[in-house]
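Q: Structure: work_34.txt, compact mmCIF, C-alpha atoms.
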```txt
# COMPACT_ATOMS: atom_id res chain seq x y z
CA MET A 1 27.03 322.23 193.25
CA LEU A 2 25.10 325.00 191.53
CA ARG A 3 22.07 324.52 189.31
CA ASN A 4 22.36 325.33 185.63
CA SER A 5 21.20 328.65 184.17
CA LYS A 6 18.43 327.05 182.06
CA LYS A 7 16.52 326.01 185.18
CA ASN A 8 16.98 329.47 186.61
CA LYS A 9 15.51 331.10 183.49
CA GLU A 10 12.48 328.81 183.74
CA ALA A 11 12.08 329.75 187.40
CA GLN A 12 12.19 333.43 186.51
CA GLN A 13 9.39 333.03 183.97
CA VAL A 14 7.03 330.83 185.97
CA THR A 15 7.34 331.81 189.61
CA GLN A 16 7.32 335.61 189.36
CA PRO A 17 3.57 335.98 190.08
CA LEU A 18 3.97 334.11 193.38
CA LEU A 19 6.23 336.66 194.95
CA GLY A 20 3.48 339.25 195.27
CA GLY A 21 4.07 342.97 195.62
CA ASN A 22 4.74 345.09 192.56
CA ALA A 23 7.97 343.45 191.50
CA PRO A 24 8.50 343.65 187.73
CA PRO A 25 9.32 340.54 185.70
CA GLY A 26 12.91 339.49 185.66
CA PRO A 27 15.60 340.20 188.18
CA GLN A 28 13.55 341.22 190.75
CA PRO A 29 18.29 335.48 213.16
CA ALA A 30 17.20 334.99 216.26
CA PHE A 31 15.95 331.45 216.84
CA ASN A 32 15.10 329.08 219.65
CA THR A 33 18.22 326.98 220.29
CA GLN A 34 16.28 324.72 222.61
CA THR A 35 13.90 323.82 219.82
CA ALA A 36 16.80 323.42 217.40
CA ASN A 37 18.33 320.81 219.67
CA LYS A 38 14.96 319.17 220.18
CA SER A 39 14.43 318.76 216.46
CA SER A 40 17.78 316.98 216.02
CA GLY A 41 18.40 318.62 212.67
CA SER A 42 14.89 318.08 211.33
CA CYS A 43 12.34 320.87 211.16
CA ALA A 44 9.52 318.39 211.48
CA GLY A 45 11.00 316.75 214.56
CA PRO A 46 10.74 313.07 215.44
CA LYS A 47 8.04 311.10 213.72
CA LYS A 48 5.39 309.30 215.68
CA ASN A 49 2.67 306.88 214.67
CA GLY A 50 0.09 308.58 216.89
CA GLY A 51 -2.40 311.22 215.85
CA LEU A 52 -5.37 311.11 213.56
CA SER A 53 -5.76 308.35 211.02
CA LYS A 54 -6.45 309.17 207.39
CA ALA A 55 -10.09 308.22 207.89
CA GLY A 56 -10.25 310.47 210.94
CA ARG A 57 -8.93 313.41 208.99
CA ILE A 58 -11.46 312.77 206.22
CA LEU A 59 -14.28 312.84 208.78
CA ILE A 60 -12.99 316.11 210.23
CA ASP A 61 -12.74 317.65 206.76
CA LEU A 62 -16.31 316.50 206.10
CA PHE A 63 -17.43 318.16 209.32
CA TYR A 64 -15.80 321.44 208.30
CA ALA A 65 -17.44 321.25 204.87
CA ILE A 66 -20.87 320.72 206.46
CA THR A 67 -20.46 323.58 208.93
CA ASP A 68 -19.56 325.88 206.04
CA VAL A 69 -22.90 325.33 204.29
CA ILE A 70 -25.32 325.01 207.23
CA PRO A 71 -26.15 328.42 208.75
CA GLY A 72 -25.55 328.76 212.47
CA MET A 73 -23.66 325.48 212.79
CA SER A 74 -20.18 326.96 213.06
CA LEU A 75 -18.61 326.40 216.48
CA VAL A 76 -15.22 327.88 215.62
CA PRO A 77 -13.78 330.31 218.19
CA GLU A 78 -12.77 333.52 216.45
CA VAL A 79 -9.55 335.43 217.03
CA THR A 80 -10.45 337.88 219.77
CA ASP A 81 -9.92 341.65 219.70
CA GLN A 82 -7.35 341.26 222.47
CA GLU A 83 -5.41 338.68 220.45
CA LEU A 84 -5.50 340.92 217.40
CA GLN A 85 -4.17 343.79 219.48
CA LEU A 86 -1.30 341.66 220.76
CA LEU A 87 -0.59 340.54 217.20
CA ASP A 88 -0.45 344.08 215.76
CA PRO A 89 3.25 344.76 216.57
CA PHE A 90 4.20 341.47 214.93
CA LYS A 91 2.17 342.33 211.83
CA ALA A 92 3.97 345.67 211.64
CA HIS A 93 7.32 343.89 212.01
CA VAL A 94 6.72 341.41 209.18
CA ALA A 95 5.58 344.23 206.89
CA ILE A 96 8.98 345.97 206.95
CA PRO A 97 10.23 346.08 203.34
CA TYR A 98 13.74 345.06 202.38
CA ASP A 99 15.89 348.18 202.03
CA SER A 100 19.24 347.94 200.22
CA SER A 101 20.38 351.11 201.97
CA ASP A 102 19.78 349.63 205.43
CA GLU A 103 23.01 348.06 206.70
CA THR A 104 21.15 345.63 208.97
CA HIS A 105 19.30 344.30 205.93
CA THR A 106 22.37 344.00 203.71
CA ALA A 107 24.25 342.34 206.57
CA LYS A 108 21.63 339.60 206.61
CA LEU A 109 21.93 339.24 202.84
CA LYS A 110 25.68 338.78 203.20
CA VAL A 111 25.08 336.04 205.77
CA LEU A 112 22.76 334.33 203.30
CA TRP A 113 25.48 334.49 200.61
CA GLN A 114 27.95 332.92 203.02
CA ALA A 115 25.43 330.17 203.79
CA CYS A 116 25.16 329.39 200.08
CA SER A 117 28.72 329.84 198.88
CA SER A 118 32.30 329.71 200.13
CA ASP A 119 33.24 332.47 197.69
CA PRO A 120 33.36 336.08 198.93
CA HIS A 121 30.19 338.06 198.30
CA PRO A 122 30.28 340.79 195.63
CA GLU A 123 30.82 344.29 196.98
CA THR A 124 27.59 345.61 195.49
CA LEU A 125 25.64 342.45 196.37
CA VAL A 126 24.51 342.24 192.75
CA SER A 127 25.61 339.09 190.95
CA GLU A 128 24.48 336.46 188.48
CA VAL A 129 25.32 333.88 191.14
CA TRP A 130 22.19 334.78 193.12
CA LYS A 131 20.22 332.91 190.46
CA ASP A 132 22.04 329.73 191.49
CA PHE A 133 20.69 330.27 195.00
CA GLY A 134 17.13 330.33 193.72
CA PHE A 135 16.57 334.04 193.10
CA GLN A 136 14.99 335.24 189.88
CA GLY A 137 17.60 337.83 189.01
CA THR A 138 20.92 339.37 189.91
CA ASP A 139 19.57 341.58 192.71
CA PRO A 140 17.78 339.74 195.55
CA ALA A 141 16.21 343.01 196.72
CA THR A 142 13.68 342.70 193.92
CA ASP A 143 12.49 339.26 195.04
CA PHE A 144 12.13 340.45 198.62
CA ARG A 145 9.52 343.05 197.64
CA GLY A 146 6.75 340.62 198.47
CA GLY A 147 8.07 339.02 201.67
CA GLY A 148 10.19 341.89 202.94
CA VAL A 149 13.23 341.49 205.14
CA PHE A 150 11.22 339.00 207.23
CA SER A 151 11.38 336.46 204.39
CA LEU A 152 15.16 336.90 204.30
CA THR A 153 15.35 336.35 208.05
CA ASN A 154 13.38 333.11 207.75
CA LEU A 155 15.81 331.75 205.16
CA LEU A 156 18.57 332.34 207.70
CA VAL A 157 16.49 330.62 210.39
CA LEU A 158 16.11 327.58 208.13
CA ASN A 159 19.87 327.47 207.55
CA THR A 160 20.52 327.68 211.29
CA ILE A 161 17.96 325.15 212.45
CA ASN A 162 18.22 322.68 209.58
CA ARG A 163 21.42 323.21 207.64
CA THR A 164 21.10 319.77 206.05
CA LEU A 165 17.75 320.61 204.46
CA PHE A 166 19.00 324.04 203.43
CA VAL A 167 21.96 322.59 201.54
CA LYS A 168 19.83 319.81 200.07
CA VAL A 169 17.41 322.29 198.52
CA LEU A 170 20.25 324.58 197.42
CA ASN A 171 21.58 321.73 195.28
CA SER A 172 18.21 320.52 194.03
CA SER A 173 15.78 321.56 191.31
CA LEU A 174 13.64 323.44 193.85
CA PRO A 175 14.71 327.13 193.84
CA LEU A 176 15.77 327.76 197.43
CA ALA A 177 15.13 331.50 197.66
CA ILE A 178 11.86 331.48 195.71
CA ALA A 179 10.60 328.56 197.78
CA GLY A 180 11.62 330.23 201.04
CA ILE A 181 10.03 333.57 200.21
CA ASN A 182 6.81 331.88 199.19
CA VAL A 183 6.65 329.77 202.36
CA THR A 184 6.91 332.96 204.42
CA MET A 185 4.14 334.61 202.40
CA MET A 186 2.02 331.44 202.53
CA LEU A 187 2.11 331.39 206.34
CA LEU A 188 1.52 335.13 206.61
CA HIS A 189 -1.47 334.76 204.30
CA LEU A 190 -2.81 331.92 206.43
CA LEU A 191 -2.35 334.15 209.47
CA GLN A 192 -3.96 337.05 207.55
CA ALA A 193 -0.93 339.15 208.42
CA THR A 194 -0.08 340.38 204.93
CA LYS A 195 -1.82 342.49 202.33
CA HIS A 196 0.38 341.33 199.46
CA LYS A 197 -1.40 339.32 196.79
CA THR A 198 -0.15 335.81 196.07
CA CYS A 199 -1.56 332.76 194.34
CA PHE A 200 -3.47 332.13 197.59
CA SER A 201 -5.37 335.40 197.29
CA THR A 202 -7.64 333.99 194.59
CA SER A 203 -7.36 330.24 195.23
CA HIS A 204 -8.17 330.11 198.92
CA ASN A 205 -11.16 331.25 200.98
CA PRO A 206 -9.94 332.44 204.42
CA ASN A 207 -13.49 332.53 205.78
CA THR A 208 -14.22 328.80 205.81
CA VAL A 209 -14.47 327.07 209.18
CA ALA A 210 -11.30 325.10 208.42
CA ALA A 211 -9.30 328.21 207.56
CA ARG A 212 -10.58 330.12 210.58
CA THR A 213 -9.76 327.23 212.90
CA ALA A 214 -6.23 327.00 211.52
CA ARG A 215 -5.76 330.75 211.90
CA LYS A 216 -7.07 330.72 215.47
CA ASN A 217 -4.62 327.96 216.44
CA PHE A 218 -1.75 329.68 214.62
CA VAL A 219 -2.43 332.88 216.57
CA ARG A 220 -2.59 330.87 219.79
CA ILE A 221 0.78 329.26 219.03
CA LEU A 222 2.47 332.62 218.43
CA LEU A 223 0.91 334.29 221.46
CA SER A 224 1.37 331.37 223.84
CA GLU A 225 5.11 331.56 223.22
CA SER A 226 5.18 335.29 224.01
CA TYR A 227 2.91 335.87 226.99
CA SER A 228 5.93 336.06 229.29
CA ALA A 229 7.41 338.96 227.29
CA SER A 230 8.03 342.12 229.29
CA SER A 231 7.70 344.52 226.35
CA PRO A 232 6.13 344.69 222.87
CA GLU A 233 9.61 344.47 221.35
CA GLU A 234 10.41 341.29 223.24
CA ARG A 235 7.02 339.87 222.30
CA VAL A 236 7.70 340.50 218.61
CA LYS A 237 11.07 338.79 218.91
CA ILE A 238 9.56 335.72 220.58
CA MET A 239 6.68 335.54 218.09
CA SER A 240 9.16 335.81 215.21
CA MET A 241 11.12 332.87 216.63
CA ALA A 242 7.92 330.83 216.99
CA PHE A 243 6.94 331.74 213.43
CA GLY A 244 10.38 330.63 212.26
CA GLU A 245 9.87 327.21 213.81
CA VAL A 246 6.51 326.83 212.05
CA TYR A 247 8.23 328.08 208.88
CA CYS A 248 10.79 325.26 209.08
CA ILE A 249 8.01 322.69 209.42
CA ALA A 250 6.22 324.18 206.42
CA PHE A 251 9.42 324.27 204.35
CA GLU A 252 10.11 320.62 205.02
CA CYS A 253 6.51 319.84 204.11
CA LEU A 254 7.00 321.66 200.79
CA VAL A 255 10.17 319.70 200.05
CA LYS A 256 8.44 316.38 200.76
CA ILE A 257 5.55 317.22 198.42
CA TRP A 258 8.03 318.44 195.79
CA GLU A 259 9.88 315.12 195.92
CA THR A 260 6.74 312.97 196.06
CA GLU A 261 5.09 314.78 193.15
CA GLY A 262 8.24 314.91 191.04
CA GLY A 263 8.23 318.69 191.33
CA ASN A 264 9.35 321.01 188.59
CA ILE A 265 9.03 324.71 187.90
CA MET A 266 5.87 324.22 185.84
CA ASN A 267 3.91 322.70 188.75
CA PHE A 268 5.44 324.84 191.50
CA ASN A 269 2.19 326.72 192.12
CA ALA A 270 0.18 323.52 192.49
CA ILE A 271 2.72 322.05 194.91
CA LEU A 272 2.77 325.25 196.95
CA LEU A 273 -1.02 325.10 197.24
CA LYS A 274 -0.84 321.48 198.42
CA CYS A 275 1.69 322.54 201.02
CA ARG A 276 -0.63 325.28 202.19
CA ASN A 277 -3.52 322.82 202.51
CA ALA A 278 -1.30 320.43 204.45
CA MET A 279 -0.18 323.16 206.84
CA GLU A 280 -3.75 324.33 207.32
CA ALA A 281 -4.72 320.75 208.23
CA LYS A 282 -1.82 320.55 210.69
CA LEU A 283 -2.77 323.83 212.33
CA ARG A 284 -6.41 322.79 212.61
CA ALA A 285 -5.31 319.83 214.73
CA CYS A 286 -2.44 321.40 216.70
CA VAL A 287 -2.24 324.15 219.29
CA SER A 288 1.50 324.05 220.00
CA ILE A 289 4.79 323.85 218.12
CA ASP A 290 5.54 320.51 219.79
CA GLU A 291 2.34 319.04 218.35
CA LEU A 292 3.16 320.41 214.91
CA MET A 293 6.64 318.89 215.05
CA THR A 294 5.36 315.41 215.89
CA MET A 295 2.34 315.32 213.59
CA GLU A 296 2.86 313.39 210.38
CA THR A 297 2.13 315.14 207.12
```
What is this file in structure tokens?
A:
Amino acid sequence: MLRNSKKNKEAQQVTQPLLGGNAPPGPQPAFNTQTANKSSGSCAGPKKNGGLSKAGRILIDLFYAITDVIPGMSLVPEVTDQELQLLDPFKAHVAIPYDSSDETHTAKLKVLWQACSSDPHPETLVSEVWKDFGFQGTDPATDFRGGGVFSLTNLLVLNTINRTLFVKVLNSSLPLAIAGINVTMMLLHLLQATKHKTCFSTSHNPNTVAARTARKNFVRILLSESYSASSPEERVKIMSMAFGEVYCIAFECLVKIWETEGGNIMNFNAILLKCRNAMEAKLRACVSIDELMTMET
């Protein structure tokens, strides 16, 4: 079931600034099968009652707030030069722009169409139907200017790992493509692996103790999954898969907040920011994908 055109017009007007890049207004997968089986169709994995209590999290947040204002009190380990060097190929990979003339890119876009519709894709890959899939216009290439082909890949990862959630969002009021692109950019911003401006560029301070701790753990998660790689190319592939798993957790978190808050296009930015804060809190407390998957939001 496709959403009506009125909702799509509202999405086009409100969410354009979130996509970053220089996109003008208007129309603008490898994965870990072992983890897919482990999650049993849910990006967040099985729920457990363990972990920090609400009071415990409040105390930790208070600690971070205090360490931000008292000079010399910060005990946060910084991302090392060696870690940054290992991360560089991944950062270059995620910065690759979507190119409509690149057959590998258009092939992925065709797969996305097939994931969203049983109808054959248009020959030129330009169609009004893309708006029903959550894009802002008739040509998805415009929306991918901010997140690049990496944001397209992550949408395919979501469909592969959690098809149920993918279809649920496709048939909901939450624009699938816009949400997916923004989740990719949100995580890249948290990782400080993108130069594109988003709503987070002005609403979030990446230099707080909390943000630096989350980034450090995020880097650890990506690198810990790739230390066995025999080449930079293999390392990038493994880190991309690990990122995709974190992406699925973040996407499910966004959907839960959207449903809890009674989400609509007008408060999309606010919900996205709450999702970012929730993911930052998760990453502050977790140093592995398994921990992220079992930690309650």
Q: Excluding same-chain residues fewer than 4 positions from range 87-103 of chain A, what lies within 8 Å of it counting only C-alpha atoms, as a list of chain:residue names?
A: A:Glu83, A:Ala107, A:Ala141, A:Phe144, A:Arg145, A:Gly147, A:Gly148, A:Val149, A:Phe150, A:Ala193, A:Thr194, A:Val219, A:Leu223, A:Pro232, A:Glu233, A:Val236, A:Met239, A:Ser240
Q: When you draw a straight line from CA of Met293 in chain A to CA of Ile249 in chain A, how long is it in Å?
A: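 CA of Ile249 in chain A lies at a distance of 6.9 Å from CA of Met293 in chain A.
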Q: Counting all atoms listed in the file, which residues in range 146-190 of chain A sit no more than 9 Å from range 112-119 of chain A? For each one, give the nearest pair of atoms and the distance in Å, sorted by chain then residue number, as CSV.
A:
```
residue,atom,partner,partner_atom,distance
A:Leu152,CA,A:Leu112,CA,8.1
A:Leu155,CA,A:Leu112,CA,7.6
A:Leu156,CA,A:Leu112,CA,6.4
A:Asn159,CA,A:Ala115,CA,7.2
A:Arg163,CA,A:Ala115,CA,8.9
A:Phe166,CA,A:Cys116,CA,8.8
A:Val167,CA,A:Cys116,CA,7.7
A:Leu170,CA,A:Cys116,CA,7.4
```
Q: Identify which of the residues A:His196, A:Asp290, A:Pro120, A:Lys256 lies closest to Lys168 in chain A, counting only C-alpha atoms when measuring atom-to-atom distances.
A: A:Lys256
Q: Compile the contact shell of Ala285 in chain A as a ChimeraX atom specification: residues with an atom at most 9 Å away, counting only C-alpha atoms, same-chain residues fewer than 6 positions apart removed.
A: /A:52,213-214,217,291-292,295
Q: Considering all atoms listed in the file, state which residue in the set A:Ala177, A:Met186, A:Ala229, A:Ile238 is at the smallest distance from Met279 in chain A.
A: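 So, comparing all the options, the nearest one is A:Met186.
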Q: Provide the CA of Ala210 in chain A to CA of Cys275 in chain A distance in Å, to one decimal place.
A: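 Spanning CA of Ala210 in chain A to CA of Cys275 in chain A is a straight-line distance of 15.2 Å.
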Q: Suppose you want the space between CA of Asn154 in chain A and CA of Asn267 in chain A; what is it in Å?
A: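 CA of Asn267 in chain A lies 23.6 Å from CA of Asn154 in chain A.
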Q: Name the closest residue to Ser226 in chain A among the candidates A:Leu86, A:Ala270, A:Cys248, A:Leu283; distances are taken between atoms, counting only C-alpha atoms.
A: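 Of all the options, A:Leu86 lies closest to Ser226 in chain A.
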Q: Using all atoms listed in the file, pick whichever of A:Ile221, A:Val246, A:Ile257, A:Val209 has the shortest atom-to-atom distance to Asn269 in chain A.
A: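 For Asn269 in chain A, the nearest of the given residues is A:Ile257.
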Q: Which one is closest to Pro175 in chain A: A:His105, A:Arg212, A:Lys131, A:Arg235? Count only C-alpha atoms.
A: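 Smallest separation from Pro175 in chain A among the options: A:Lys131.
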Q: From the options A:Tyr247, A:Ser230, A:Glu259, A:Arg220, which residue's atoms come nearest to Gln82 in chain A, counting all atoms listed in the file?
A: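 Between A:Tyr247, A:Ser230, A:Glu259, A:Arg220, the residue approaching Gln82 in chain A most closely is A:Arg220.
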Q: List as a compact mmCIF listing (two decimals) with C-alpha atoms, in the coordinates of the input the protein and nucleic acid residues near Val126 in chain A, meaning an atom at most 8 Å away when all atoms listed in the file are counted, but skip any in the same chain fewer than 2 places from it.
A:
```txt
# COMPACT_ATOMS: atom_id res chain seq x y z
CA PRO A 122 30.28 340.79 195.63
CA GLU A 123 30.82 344.29 196.98
CA THR A 124 27.59 345.61 195.49
CA GLU A 128 24.48 336.46 188.48
CA TRP A 130 22.19 334.78 193.12
CA THR A 138 20.92 339.37 189.91
CA ASP A 139 19.57 341.58 192.71
CA PRO A 140 17.78 339.74 195.55
```
